[in-house]
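Below is entry.txt, holding compact mmCIF, C-alpha atoms (C1' of nucleotides).
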```txt
# COMPACT_ATOMS: atom_id res chain seq x y z
CA MET V 1 9.06 -37.72 11.36
CA VAL V 2 12.79 -37.28 11.34
CA GLU V 3 13.73 -38.02 7.76
CA LYS V 4 11.93 -35.12 6.14
CA LYS V 5 14.15 -32.63 7.94
CA LEU V 6 16.68 -32.34 5.16
CA ASP V 7 14.16 -31.79 2.43
CA ASN V 8 15.78 -28.52 1.53
CA LYS V 9 16.55 -25.10 2.85
CA PHE V 10 13.15 -23.84 1.91
CA SER V 11 11.23 -26.37 3.90
CA GLU V 12 13.57 -26.00 6.86
CA ARG V 13 13.08 -22.30 6.92
CA LEU V 14 9.34 -22.68 6.98
CA ASN V 15 9.55 -25.19 9.79
CA THR V 16 11.75 -23.09 12.02
CA SER V 17 9.12 -20.36 11.87
CA GLY V 18 6.34 -22.79 12.67
CA PHE V 19 4.97 -23.14 9.16
CA ARG V 20 4.49 -26.33 7.23
CA PHE V 21 5.88 -27.10 3.85
CA THR V 22 3.15 -27.24 1.23
CA PRO V 23 3.23 -27.51 -2.54
CA GLN V 24 1.46 -24.17 -2.78
CA ARG V 25 4.14 -22.45 -0.76
CA GLN V 26 6.83 -24.05 -2.86
CA ARG V 27 5.09 -22.91 -6.01
CA VAL V 28 4.72 -19.32 -4.85
CA TYR V 29 8.36 -19.19 -3.87
CA ASP V 30 9.38 -20.67 -7.21
CA VAL V 31 7.39 -18.04 -9.04
CA LEU V 32 9.28 -15.33 -7.20
CA MET V 33 12.63 -16.93 -7.88
CA GLN V 34 11.96 -17.56 -11.55
CA LYS V 35 11.27 -14.02 -12.60
CA ARG V 36 12.71 -11.46 -10.29
CA ASP V 37 10.72 -8.50 -11.43
CA HIS V 38 9.05 -7.58 -8.17
CA PRO V 39 5.56 -8.81 -8.99
CA THR V 40 2.45 -7.86 -7.05
CA ALA V 41 0.48 -10.50 -5.17
CA ASP V 42 -1.94 -10.67 -8.03
CA GLU V 43 0.80 -11.18 -10.59
CA VAL V 44 2.19 -13.97 -8.45
CA PHE V 45 -1.27 -15.48 -8.36
CA VAL V 46 -1.57 -15.44 -12.13
CA ARG V 47 1.86 -16.99 -12.63
CA ALA V 48 1.34 -19.59 -9.95
CA LYS V 49 -1.94 -20.65 -11.55
CA LYS V 50 -0.20 -21.67 -14.76
CA GLN V 51 1.24 -24.79 -13.17
CA MET V 52 -1.21 -25.08 -10.33
CA PRO V 53 -4.60 -24.01 -11.64
CA GLU V 54 -6.48 -24.69 -8.44
CA ILE V 55 -4.43 -22.39 -6.25
CA SER V 56 -6.48 -19.64 -4.70
CA HIS V 57 -6.04 -15.97 -4.26
CA ALA V 58 -6.15 -16.21 -0.49
CA THR V 59 -3.46 -18.85 -0.44
CA VAL V 60 -1.14 -16.64 -2.40
CA TYR V 61 -1.68 -13.81 0.05
CA ASN V 62 -1.27 -16.10 3.04
CA THR V 63 1.82 -17.66 1.58
CA LEU V 64 3.46 -14.37 0.77
CA ASP V 65 2.85 -13.27 4.34
CA ALA V 66 4.30 -16.51 5.62
CA LEU V 67 7.37 -16.17 3.43
CA VAL V 68 7.89 -12.63 4.62
CA LYS V 69 7.65 -13.79 8.23
CA CYS V 70 10.18 -16.56 7.55
CA GLY V 71 12.66 -14.11 6.12
CA LEU V 72 12.53 -15.73 2.69
CA VAL V 73 10.95 -12.82 0.89
CA LYS V 74 10.76 -9.07 1.24
CA GLN V 75 7.63 -7.05 0.82
CA VAL V 76 8.17 -3.78 -0.97
CA GLN V 77 5.78 -0.90 -0.98
CA LEU V 78 6.90 1.58 -3.57
CA GLN V 79 3.77 3.52 -4.28
CA ARG V 80 0.10 3.55 -3.47
CA GLY V 81 -1.58 0.36 -4.46
CA ALA V 82 -0.40 -3.18 -4.62
CA ALA V 83 2.57 -4.33 -2.61
CA ARG V 84 5.37 -6.07 -4.47
CA PHE V 85 7.50 -9.02 -3.47
CA CYS V 86 11.16 -9.71 -3.81
CA PRO V 87 13.10 -12.88 -2.94
CA ASN V 88 16.44 -11.10 -2.81
CA MET V 89 17.41 -11.15 0.84
CA GLU V 90 20.79 -9.48 0.36
CA GLU V 91 21.03 -5.98 1.72
CA HIS V 92 19.88 -3.84 -1.16
CA CYS V 93 17.78 -0.87 -2.09
CA HIS V 94 15.17 -0.44 -4.78
CA TYR V 95 15.36 1.97 -7.64
CA TYR V 96 11.90 2.69 -8.90
CA CYS V 97 10.94 4.47 -12.08
CA ASP V 98 7.93 6.62 -11.32
CA LYS V 99 7.14 6.74 -15.02
CA CYS V 100 7.25 3.13 -16.27
CA GLY V 101 7.17 1.35 -12.93
CA GLU V 102 10.37 -0.61 -13.45
CA VAL V 103 12.09 -1.71 -10.26
CA PHE V 104 15.61 -2.89 -9.82
CA ASP V 105 17.76 -3.92 -6.94
CA VAL V 106 21.04 -2.25 -6.16
CA PRO V 107 23.25 -3.86 -3.54
CA LEU V 108 23.99 -1.73 -0.55
CA ASN V 109 27.42 -1.40 0.97
CA LYS V 110 27.93 -1.91 4.65
CA ASN V 111 27.74 1.78 5.46
CA SER V 112 23.99 1.63 5.67
CA ALA V 113 24.86 1.63 9.37
CA MET V 114 25.09 5.39 8.97
CA MET V 115 21.44 5.54 9.94
CA PRO V 116 20.84 7.39 13.19
CA SER V 117 19.38 5.26 15.98
CA PRO V 118 16.78 6.84 18.24
CA ARG V 119 17.21 5.50 21.76
CA GLY V 120 15.23 2.40 22.51
CA PHE V 121 14.13 1.71 18.97
CA LYS V 122 14.79 -1.90 18.01
CA VAL V 123 15.56 -1.98 14.30
CA ASP V 124 14.24 -4.91 12.35
CA HIS V 125 15.13 -3.86 8.84
CA TYR V 126 15.75 -0.94 6.54
CA ASP V 127 13.59 -0.18 3.60
CA ILE V 128 15.26 2.08 1.12
CA ALA V 129 13.75 3.19 -2.14
CA VAL V 130 15.06 5.65 -4.67
CA HIS V 131 12.41 7.24 -6.82
CA GLY V 132 13.06 8.86 -10.15
CA LEU V 133 13.29 8.05 -13.82
CA CYS V 134 15.03 5.02 -15.24
CA ALA V 135 17.60 5.61 -17.94
CA ASP V 136 15.11 4.94 -20.75
CA CYS V 137 12.39 7.19 -19.42
CA ALA V 138 14.89 9.91 -18.56
CA LYS V 139 16.06 9.95 -22.18
CA LYS V 140 12.57 10.19 -23.62
CA LYS V 141 11.61 13.15 -21.45
CA MET O 142 -4.96 39.90 -10.33
CA VAL O 143 -1.60 41.00 -9.09
CA GLU O 144 -2.27 41.69 -5.45
CA LYS O 145 -3.05 38.12 -4.47
CA LYS O 146 0.46 37.06 -5.35
CA LEU O 147 1.90 37.62 -1.92
CA ASP O 148 -0.84 35.84 -0.11
CA ASN O 149 1.67 33.49 1.41
CA LYS O 150 4.21 30.88 0.59
CA PHE O 151 1.56 28.24 0.38
CA SER O 152 -0.46 29.90 -2.30
CA GLU O 153 2.67 30.82 -4.24
CA ARG O 154 3.83 27.26 -4.22
CA LEU O 155 0.53 26.04 -5.57
CA ASN O 156 0.60 28.64 -8.30
CA THR O 157 4.07 27.86 -9.52
CA SER O 158 2.95 24.28 -10.07
CA GLY O 159 -0.15 25.38 -11.95
CA PHE O 160 -2.63 24.83 -9.13
CA ARG O 161 -5.02 27.35 -7.69
CA PHE O 162 -5.28 28.34 -4.12
CA THR O 163 -8.53 27.09 -2.58
CA PRO O 164 -9.83 27.04 0.97
CA GLN O 165 -10.02 23.27 0.85
CA ARG O 166 -6.36 23.00 -0.04
CA GLN O 167 -5.45 25.39 2.71
CA ARG O 168 -7.51 23.38 5.15
CA VAL O 169 -5.92 20.07 4.19
CA TYR O 170 -2.48 21.56 4.51
CA ASP O 171 -3.35 23.05 7.89
CA VAL O 172 -4.54 19.69 9.11
CA LEU O 173 -1.19 18.18 8.21
CA MET O 174 0.73 20.98 9.85
CA GLN O 175 -1.32 20.97 13.05
CA LYS O 176 -0.74 17.40 14.02
CA ARG O 177 2.31 15.87 12.52
CA ASP O 178 1.49 12.26 13.13
CA HIS O 179 1.56 11.02 9.55
CA PRO O 180 -2.18 10.58 9.07
CA THR O 181 -3.75 8.59 6.29
CA ALA O 182 -5.90 10.30 3.67
CA ASP O 183 -8.97 9.21 5.53
CA GLU O 184 -7.72 10.60 8.82
CA VAL O 185 -7.00 13.88 7.09
CA PHE O 186 -10.53 13.80 5.73
CA VAL O 187 -12.03 13.34 9.19
CA ARG O 188 -9.95 16.13 10.70
CA ALA O 189 -10.60 18.49 7.83
CA LYS O 190 -14.32 17.95 8.14
CA LYS O 191 -14.37 19.31 11.68
CA GLN O 192 -13.94 22.86 10.47
CA MET O 193 -15.18 22.35 6.93
CA PRO O 194 -18.02 19.85 7.12
CA GLU O 195 -18.85 19.94 3.42
CA ILE O 196 -15.40 18.92 2.22
CA SER O 197 -15.47 15.69 0.26
CA HIS O 198 -13.38 12.60 0.25
CA ALA O 199 -12.33 13.08 -3.34
CA THR O 200 -11.15 16.60 -2.66
CA VAL O 201 -8.92 15.40 0.11
CA TYR O 202 -7.37 12.83 -2.19
CA ASN O 203 -6.99 15.32 -5.01
CA THR O 204 -5.53 17.90 -2.70
CA LEU O 205 -3.03 15.53 -1.18
CA ASP O 206 -1.88 14.60 -4.65
CA ALA O 207 -1.60 18.24 -5.59
CA LEU O 208 0.41 19.03 -2.48
CA VAL O 209 2.73 16.14 -3.18
CA LYS O 210 3.24 17.41 -6.74
CA CYS O 211 3.98 20.89 -5.44
CA GLY O 212 6.62 19.61 -3.09
CA LEU O 213 4.70 20.73 -0.02
CA VAL O 214 3.98 17.29 1.33
CA LYS O 215 5.51 13.85 1.19
CA GLN O 216 3.58 10.69 0.68
CA VAL O 217 4.80 7.81 2.78
CA GLN O 218 4.02 4.18 2.20
CA LEU O 219 5.15 2.23 5.21
CA GLN O 220 3.09 -0.90 4.98
CA ARG O 221 0.28 -2.42 2.98
CA GLY O 222 -2.81 -0.34 3.08
CA ALA O 223 -3.38 3.37 3.37
CA ALA O 224 -0.69 5.82 2.40
CA ARG O 225 0.33 8.40 4.97
CA PHE O 226 1.21 12.04 4.54
CA CYS O 227 3.90 14.19 6.05
CA PRO O 228 4.48 17.92 5.66
CA ASN O 229 8.10 17.73 6.78
CA MET O 230 10.10 18.47 3.67
CA GLU O 231 13.50 18.35 5.33
CA GLU O 232 15.65 15.40 4.42
CA HIS O 233 14.60 12.76 6.89
CA CYS O 234 13.78 9.12 7.28
CA HIS O 235 10.85 7.41 8.95
CA TYR O 236 11.08 5.10 11.89
CA TYR O 237 8.05 2.92 11.96
CA CYS O 238 6.92 0.66 14.76
CA ASP O 239 5.54 -2.50 13.20
CA LYS O 240 3.68 -3.23 16.44
CA CYS O 241 1.82 -0.03 17.36
CA GLY O 242 2.13 1.82 14.06
CA GLU O 243 3.84 4.88 15.47
CA VAL O 244 5.89 6.85 12.97
CA PHE O 245 8.51 9.44 13.66
CA ASP O 246 10.87 11.49 11.59
CA VAL O 247 14.59 11.42 12.08
CA PRO O 248 16.64 14.02 10.24
CA LEU O 249 19.17 12.64 7.82
CA ASN O 250 22.71 13.90 7.60
CA LYS O 251 24.20 14.85 4.30
CA ASN O 252 25.86 11.48 3.81
CA SER O 253 22.71 10.08 2.32
CA ALA O 254 24.68 10.71 -0.86
CA MET O 255 26.28 7.37 -0.12
CA MET O 256 23.62 5.80 -2.28
CA PRO O 257 24.99 4.13 -5.41
CA SER O 258 23.82 5.65 -8.68
CA PRO O 259 23.04 3.32 -11.57
CA ARG O 260 24.01 4.98 -14.81
CA GLY O 261 21.30 7.03 -16.41
CA PHE O 262 18.88 6.88 -13.53
CA LYS O 263 17.59 10.34 -12.68
CA VAL O 264 16.96 10.44 -8.94
CA ASP O 265 13.95 12.38 -7.77
CA HIS O 266 13.96 11.53 -4.10
CA TYR O 267 14.95 8.99 -1.52
CA ASP O 268 12.46 7.18 0.57
CA ILE O 269 13.98 5.63 3.63
CA ALA O 270 12.08 3.75 6.28
CA VAL O 271 13.36 1.88 9.27
CA HIS O 272 11.09 -0.84 10.53
CA GLY O 273 11.20 -2.30 14.00
CA LEU O 274 9.81 -1.73 17.47
CA CYS O 275 9.53 1.64 19.15
CA ALA O 276 11.03 1.96 22.61
CA ASP O 277 7.71 1.32 24.34
CA CYS O 278 6.81 -1.76 22.36
CA ALA O 279 10.36 -3.09 22.60
CA LYS O 280 10.13 -2.92 26.39
CA LYS O 281 6.82 -4.74 26.57
CA LYS O 282 8.02 -7.64 24.48
C1' DC Y 283 -5.84 -48.07 12.39
C1' DA Y 284 -9.24 -44.26 14.31
C1' DA Y 285 -9.86 -39.93 16.39
C1' DG Y 286 -8.48 -35.37 17.59
C1' DG Y 287 -6.19 -31.22 16.76
C1' DA Y 288 -3.65 -27.91 14.42
C1' DC Y 289 -2.63 -26.03 10.20
C1' DT Y 290 -3.83 -25.14 5.43
C1' DT Y 291 -6.55 -24.42 1.37
C1' DT Y 292 -10.50 -22.94 -1.13
C1' DA Y 293 -14.36 -20.00 -3.03
C1' DG Y 294 -16.55 -16.32 -2.32
C1' DA Y 295 -18.11 -12.48 0.55
C1' DA Y 296 -16.68 -8.41 2.89
C1' DT Y 297 -13.87 -4.60 3.78
C1' DT Y 298 -10.64 -0.99 2.87
C1' DA Y 299 -8.36 2.34 0.02
C1' DT Y 300 -8.45 4.78 -3.91
C1' DT Y 301 -10.05 6.45 -8.35
C1' DC Y 302 -13.56 7.71 -11.50
C1' DT Y 303 -17.78 10.17 -13.18
C1' DA Y 304 -20.91 13.62 -14.11
C1' DA Y 305 -22.93 17.64 -12.66
C1' DA Y 306 -22.50 21.96 -10.29
C1' DT Y 307 -19.56 25.78 -8.95
C1' DC Y 308 -15.84 28.90 -9.12
C1' DT Y 309 -12.06 31.68 -11.18
C1' DT Y 310 -9.68 33.95 -14.61
C1' DG Y 311 -8.51 36.17 -18.76
C1' DA Y 312 -10.45 38.04 -23.14
C1' DT Z 313 -19.96 39.48 -19.20
C1' DC Z 314 -18.53 35.07 -21.23
C1' DA Z 315 -16.18 30.99 -22.17
C1' DA Z 316 -12.64 27.94 -20.84
C1' DG Z 317 -10.59 25.58 -17.60
C1' DA Z 318 -9.99 24.25 -12.81
C1' DT Z 319 -12.17 22.58 -8.71
C1' DT Z 320 -15.53 20.51 -5.75
C1' DT Z 321 -19.10 17.33 -4.63
C1' DA Z 322 -21.74 12.88 -3.91
C1' DG Z 323 -21.81 8.70 -5.08
C1' DA Z 324 -20.51 4.80 -8.05
C1' DA Z 325 -16.79 1.92 -9.47
C1' DT Z 326 -12.53 -0.38 -9.08
C1' DA Z 327 -8.51 -2.36 -6.88
C1' DA Z 328 -6.19 -4.59 -3.17
C1' DT Z 329 -6.54 -7.11 0.68
C1' DT Z 330 -8.68 -9.59 4.45
C1' DC Z 331 -12.14 -12.45 6.36
C1' DT Z 332 -15.23 -16.53 6.78
C1' DA Z 333 -16.78 -21.03 6.87
C1' DA Z 334 -16.28 -25.43 5.13
C1' DA Z 335 -13.34 -28.97 3.53
C1' DG Z 336 -8.84 -31.09 3.26
C1' DT Z 337 -4.25 -32.55 5.05
C1' DC Z 338 -0.97 -34.15 8.18
C1' DC Z 339 0.71 -35.58 12.49
C1' DT Z 340 0.21 -37.52 17.10
C1' DT Z 341 -1.87 -40.25 20.46
C1' DG Z 342 -4.77 -44.03 22.09
```
Kindly return the structure encoded in the file as structure tokens.
Amino acid sequence: MVEKKLDNKFSERLNTSGFRFTPQRQRVYDVLMQKRDHPTADEVFVRAKKQMPEISHATVYNTLDALVKCGLVKQVQLQRGAARFCPNMEEHCHYYCDKCGEVFDVPLNKNSAMMPSPRGFKVDHYDIAVHGLCADCAKKK
Amino acid sequence: MVEKKLDNKFSERLNTSGFRFTPQRQRVYDVLMQKRDHPTADEVFVRAKKQMPEISHATVYNTLDALVKCGLVKQVQLQRGAARFCPNMEEHCHYYCDKCGEVFDVPLNKNSAMMPSPRGFKVDHYDIAVHGLCADCAKKK
DNA sequence: CAAGGACTTTAGAATTATTCTAAATCTTGA
DNA sequence: TCAAGATTTAGAATAATTCTAAAGTCCTTG
């Protein structure tokens, strides 16, 4: 029971939040790390299936929730419809093109602390999106 | 055709974006103004129905979209699931309690300009949410 | 090793949120 | 007044997510 501890960071992180390591969870996390384009749960499902054809829809949803709870992944809700997922845990904000749907991360300097703090509110995390047109779409318009 | 122009700000704003004034749109907007608790489209529908029983679901959705396009209302996506709507067009951010779901606006000082600007990206608007626990829920925990 | 328990996965059903469709109605300008 | 275009409506359709029940896995204890 002791020797599996050092498996890797990923497995440790799951464990400390009370989750077990499973191949499905590894696979979902790998999918997110491999192509960092902020896929939806369904896109993750499709990609995960390529190497693990028997994985189910529900597992992908459950896993994404678990990873969010572990602090391994961020859930991003940029518009109505499907949530997107992002394994970049650095402090950053999302630039979102309302035309083509492209999303990209922009690191955030420390001064995000400029946010006012209503008394008593216990901040968990900030969620900052910038909507507009990406360079390409802006040109075309 | 001329004398309706000065109806009110609301109607003007619709017109300048190519929308017509309709009683349904007025009603939906009134609902948002009367109770500023960031209702979902469905909650708006229920409230609107009280004084306008024949209003339809689709109209509420269409209207909310129209109001967002006019710049009269903001759409807020704080979590998975239903979008919420907010008639406060001042620069502000949303504090959201992940436990009880309460949302409140906090005005934002001018220094929101601190946001980095990737070259070529044409910013339309910022969308800033702060997740955590409201004072009440933080106490209980 | 066997049994029990907790956690996880799976397929598919169910639910929720939103969008679409087609027909009816309304408004506006010619 | 008429035609075009916008709007509304009920209900169907779609999309996104959650739920359910059964089966599988892994660990711990006897």
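Of note, atom CA of Pro87 of chain V and atom CA of Phe10 of chain V are spaced 12.0 Å apart.
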Fit chain V to chain O, all Cα atoms paired in order, least squares. Then write it as a compact mmCIF listing (two decimals) with C-alpha atoms, in the coordinates of the input.
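selection.txt, written as the output of this step:
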```txt
# COMPACT_ATOMS: atom_id res chain seq x y z
CA MET V 1 -4.63 39.88 -10.82
CA VAL V 2 -1.31 41.05 -9.52
CA GLU V 3 -2.03 41.81 -5.89
CA LYS V 4 -2.86 38.30 -4.77
CA LYS V 5 0.66 37.13 -5.54
CA LEU V 6 1.99 37.70 -2.06
CA ASP V 7 -0.81 35.92 -0.31
CA ASN V 8 1.63 33.57 1.31
CA LYS V 9 4.16 30.91 0.57
CA PHE V 10 1.52 28.26 0.39
CA SER V 11 -0.51 29.91 -2.30
CA GLU V 12 2.61 30.81 -4.26
CA ARG V 13 3.78 27.26 -4.23
CA LEU V 14 0.49 26.04 -5.57
CA ASN V 15 0.54 28.63 -8.31
CA THR V 16 4.03 27.84 -9.52
CA SER V 17 2.91 24.26 -10.07
CA GLY V 18 -0.19 25.36 -11.93
CA PHE V 19 -2.66 24.80 -9.12
CA ARG V 20 -5.06 27.32 -7.69
CA PHE V 21 -5.34 28.32 -4.10
CA THR V 22 -8.57 27.08 -2.57
CA PRO V 23 -9.88 27.05 0.97
CA GLN V 24 -10.04 23.27 0.84
CA ARG V 25 -6.38 23.00 -0.04
CA GLN V 26 -5.49 25.40 2.73
CA ARG V 27 -7.53 23.38 5.18
CA VAL V 28 -5.94 20.08 4.22
CA TYR V 29 -2.49 21.57 4.53
CA ASP V 30 -3.37 23.06 7.91
CA VAL V 31 -4.55 19.69 9.14
CA LEU V 32 -1.19 18.19 8.24
CA MET V 33 0.73 20.98 9.89
CA GLN V 34 -1.33 20.97 13.07
CA LYS V 35 -0.77 17.39 14.07
CA ARG V 36 2.30 15.87 12.56
CA ASP V 37 1.49 12.27 13.17
CA HIS V 38 1.56 11.01 9.61
CA PRO V 39 -2.17 10.58 9.12
CA THR V 40 -3.75 8.58 6.32
CA ALA V 41 -5.89 10.30 3.70
CA ASP V 42 -8.96 9.20 5.56
CA GLU V 43 -7.72 10.60 8.85
CA VAL V 44 -7.01 13.88 7.12
CA PHE V 45 -10.54 13.80 5.76
CA VAL V 46 -12.03 13.32 9.20
CA ARG V 47 -9.96 16.12 10.72
CA ALA V 48 -10.60 18.48 7.85
CA LYS V 49 -14.35 17.92 8.17
CA LYS V 50 -14.38 19.31 11.70
CA GLN V 51 -13.96 22.87 10.47
CA MET V 52 -15.20 22.34 6.96
CA PRO V 53 -18.04 19.84 7.12
CA GLU V 54 -18.84 19.93 3.44
CA ILE V 55 -15.41 18.89 2.23
CA SER V 56 -15.46 15.68 0.28
CA HIS V 57 -13.39 12.58 0.27
CA ALA V 58 -12.33 13.07 -3.32
CA THR V 59 -11.16 16.59 -2.65
CA VAL V 60 -8.93 15.40 0.13
CA TYR V 61 -7.37 12.82 -2.16
CA ASN V 62 -6.99 15.31 -4.99
CA THR V 63 -5.53 17.90 -2.68
CA LEU V 64 -3.03 15.54 -1.14
CA ASP V 65 -1.89 14.59 -4.62
CA ALA V 66 -1.61 18.24 -5.56
CA LEU V 67 0.39 19.03 -2.45
CA VAL V 68 2.72 16.15 -3.14
CA LYS V 69 3.23 17.40 -6.69
CA CYS V 70 3.97 20.91 -5.39
CA GLY V 71 6.62 19.62 -3.04
CA LEU V 72 4.68 20.74 0.02
CA VAL V 73 3.97 17.30 1.38
CA LYS V 74 5.51 13.86 1.25
CA GLN V 75 3.59 10.68 0.73
CA VAL V 76 4.83 7.80 2.82
CA GLN V 77 4.02 4.20 2.22
CA LEU V 78 5.15 2.21 5.21
CA GLN V 79 3.09 -0.92 4.95
CA ARG V 80 0.28 -2.42 2.96
CA GLY V 81 -2.81 -0.32 3.10
CA ALA V 82 -3.36 3.36 3.40
CA ALA V 83 -0.67 5.81 2.43
CA ARG V 84 0.33 8.41 5.00
CA PHE V 85 1.21 12.05 4.58
CA CYS V 86 3.89 14.18 6.08
CA PRO V 87 4.48 17.93 5.70
CA ASN V 88 8.09 17.74 6.82
CA MET V 89 10.11 18.49 3.72
CA GLU V 90 13.50 18.36 5.43
CA GLU V 91 15.63 15.41 4.48
CA HIS V 92 14.61 12.76 6.94
CA CYS V 93 13.78 9.11 7.31
CA HIS V 94 10.86 7.40 8.99
CA TYR V 95 11.09 5.07 11.91
CA TYR V 96 8.05 2.86 11.97
CA CYS V 97 6.93 0.58 14.76
CA ASP V 98 5.56 -2.56 13.18
CA LYS V 99 3.71 -3.31 16.40
CA CYS V 100 1.86 -0.11 17.36
CA GLY V 101 2.16 1.75 14.07
CA GLU V 102 3.85 4.82 15.50
CA VAL V 103 5.90 6.80 13.01
CA PHE V 104 8.52 9.38 13.70
CA ASP V 105 10.86 11.46 11.65
CA VAL V 106 14.59 11.39 12.14
CA PRO V 107 16.64 13.99 10.31
CA LEU V 108 19.16 12.62 7.90
CA ASN V 109 22.70 13.89 7.65
CA LYS V 110 24.15 14.87 4.33
CA ASN V 111 25.81 11.53 3.77
CA SER V 112 22.66 10.11 2.30
CA ALA V 113 24.63 10.78 -0.89
CA MET V 114 26.28 7.45 -0.17
CA MET V 115 23.59 5.86 -2.30
CA PRO V 116 24.95 4.21 -5.43
CA SER V 117 23.75 5.75 -8.69
CA PRO V 118 22.98 3.42 -11.57
CA ARG V 119 23.95 5.11 -14.83
CA GLY V 120 21.23 7.14 -16.41
CA PHE V 121 18.82 7.01 -13.51
CA LYS V 122 17.54 10.47 -12.64
CA VAL V 123 16.91 10.55 -8.90
CA ASP V 124 13.91 12.48 -7.72
CA HIS V 125 13.93 11.62 -4.05
CA TYR V 126 14.92 9.04 -1.48
CA ASP V 127 12.44 7.21 0.61
CA ILE V 128 13.97 5.66 3.66
CA ALA V 129 12.08 3.75 6.29
CA VAL V 130 13.38 1.86 9.27
CA HIS V 131 11.10 -0.87 10.51
CA GLY V 132 11.22 -2.34 13.97
CA LEU V 133 9.84 -1.81 17.44
CA CYS V 134 9.56 1.54 19.14
CA ALA V 135 11.07 1.86 22.59
CA ASP V 136 7.75 1.18 24.34
CA CYS V 137 6.85 -1.88 22.33
CA ALA V 138 10.40 -3.22 22.56
CA LYS V 139 10.19 -3.07 26.35
CA LYS V 140 6.87 -4.87 26.54
CA LYS V 141 8.03 -7.77 24.39
```
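Going from atom CA of Arg36 of chain V over to atom CA of Arg84 of chain V, you cover 10.8 Å.
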Given a cut-off of 9 Å, which residues of chain O touch chain V, counting only C-alpha atoms, written out as an MDAnalysis selection string?
-> chainID O and resid 216:224 234 236 238 247:250 252:253 255:280
Report the distance between atom C1' of DT330 of chain Z and atom CA of His38 of chain V in Å, rounded to one decimal place.
-> 21.9 Å
Spatial neighbours of DT319 of chain Z, max dist 10 Å, all atoms listed in the file, sep filter under 3 positions, as a PDB file with C-alpha atoms (C1' of nucleotides), in the frame of the given file:
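selection_18.pdb written:
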```
ATOM      1  CA  PHE O 160      -2.630  24.830  -9.130  1.00  0.00           C
ATOM      2  CA  ARG O 161      -5.020  27.350  -7.690  1.00  0.00           C
ATOM      3  CA  THR O 163      -8.530  27.090  -2.580  1.00  0.00           C
ATOM      4  CA  GLN O 165     -10.020  23.270   0.850  1.00  0.00           C
ATOM      5  CA  THR O 200     -11.150  16.600  -2.660  1.00  0.00           C
ATOM      6  CA  ASN O 203      -6.990  15.320  -5.010  1.00  0.00           C
TER       7      ASN O 203
ATOM      8  C1'  DT Y 307     -19.560  25.780  -8.950  1.00  0.00           C
ATOM      9  C1'  DC Y 308     -15.840  28.900  -9.120  1.00  0.00           C
ATOM     10  C1'  DT Y 309     -12.060  31.680 -11.180  1.00  0.00           C
TER      11       DT Y 309
END
```
Compute the distance from (-11.9, 2.1, -1.2) to each atom, counting only C-alpha atoms (C1' of nucleotides), keep the residues with any atom at most 12 Å away, and return them as a PDB file with C-alpha atoms (C1' of nucleotides), keeping the file's coordinate frame; use the coordinates of the file.
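See selection30.pdb below for the written result:
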```pdb
ATOM      1  CA  GLY V  81      -1.580   0.360  -4.460  1.00  0.00           C
TER       2      GLY V  81
ATOM      3  CA  ALA O 182      -5.900  10.300   3.670  1.00  0.00           C
ATOM      4  CA  ASP O 183      -8.970   9.210   5.530  1.00  0.00           C
ATOM      5  CA  HIS O 198     -13.380  12.600   0.250  1.00  0.00           C
ATOM      6  CA  ALA O 199     -12.330  13.080  -3.340  1.00  0.00           C
ATOM      7  CA  TYR O 202      -7.370  12.830  -2.190  1.00  0.00           C
ATOM      8  CA  GLY O 222      -2.810  -0.340   3.080  1.00  0.00           C
ATOM      9  CA  ALA O 223      -3.380   3.370   3.370  1.00  0.00           C
TER      10      ALA O 223
ATOM     11  C1'  DT Y 297     -13.870  -4.600   3.780  1.00  0.00           C
ATOM     12  C1'  DT Y 298     -10.640  -0.990   2.870  1.00  0.00           C
ATOM     13  C1'  DA Y 299      -8.360   2.340   0.020  1.00  0.00           C
ATOM     14  C1'  DT Y 300      -8.450   4.780  -3.910  1.00  0.00           C
ATOM     15  C1'  DT Y 301     -10.050   6.450  -8.350  1.00  0.00           C
ATOM     16  C1'  DC Y 302     -13.560   7.710 -11.500  1.00  0.00           C
TER      17       DC Y 302
ATOM     18  C1'  DA Z 324     -20.510   4.800  -8.050  1.00  0.00           C
ATOM     19  C1'  DA Z 325     -16.790   1.920  -9.470  1.00  0.00           C
ATOM     20  C1'  DT Z 326     -12.530  -0.380  -9.080  1.00  0.00           C
ATOM     21  C1'  DA Z 327      -8.510  -2.360  -6.880  1.00  0.00           C
ATOM     22  C1'  DA Z 328      -6.190  -4.590  -3.170  1.00  0.00           C
ATOM     23  C1'  DT Z 329      -6.540  -7.110   0.680  1.00  0.00           C
TER      24       DT Z 329
END
```
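Residue-level contact on chain Y: within 8 Å of chain V, counting only C-alpha atoms (C1' of nucleotides), the set is DC289, DT291 and DT292 of chain Y.
Using all atoms listed in the file for every distance, the candidate list V:Val60, V:Leu67, V:Val103, V:Met89 yields V:Val60 as the residue closest to chain Z.
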Can you check which residues of chain Z have any atom within 8 Å of chain O? Use all atoms listed in the file and format it as a ChimeraX atom specification.
-> /Z:318,320-321
Can you pull out every residue within 12 Å of DA285 of chain Y, counting all atoms listed in the file, but drop anything in the same chain fewer than 6 positions away, and send it as JSON, numbers by chain?
-> {"Z": [340, 341, 342]}
Counting all atoms listed in the file, find the residues whose atoms lie at most 10 Å from (2.5, 25.0, -9.5) (file coordinates) and write them out as a short mmCIF file (atom, residue, chain, number, x, y, z; two decimals) with C-alpha atoms, in the frame of the given file.
```cif
data_model
loop_
_atom_site.label_atom_id
_atom_site.label_comp_id
_atom_site.auth_asym_id
_atom_site.auth_seq_id
_atom_site.Cartn_x
_atom_site.Cartn_y
_atom_site.Cartn_z
CA SER O 152 -0.46 29.90 -2.30
CA GLU O 153 2.67 30.82 -4.24
CA ARG O 154 3.83 27.26 -4.22
CA LEU O 155 0.53 26.04 -5.57
CA ASN O 156 0.60 28.64 -8.30
CA THR O 157 4.07 27.86 -9.52
CA SER O 158 2.95 24.28 -10.07
CA GLY O 159 -0.15 25.38 -11.95
CA PHE O 160 -2.63 24.83 -9.13
CA ARG O 161 -5.02 27.35 -7.69
CA ALA O 207 -1.60 18.24 -5.59
CA LEU O 208 0.41 19.03 -2.48
CA LYS O 210 3.24 17.41 -6.74
CA CYS O 211 3.98 20.89 -5.44
CA GLY O 212 6.62 19.61 -3.09
#
```
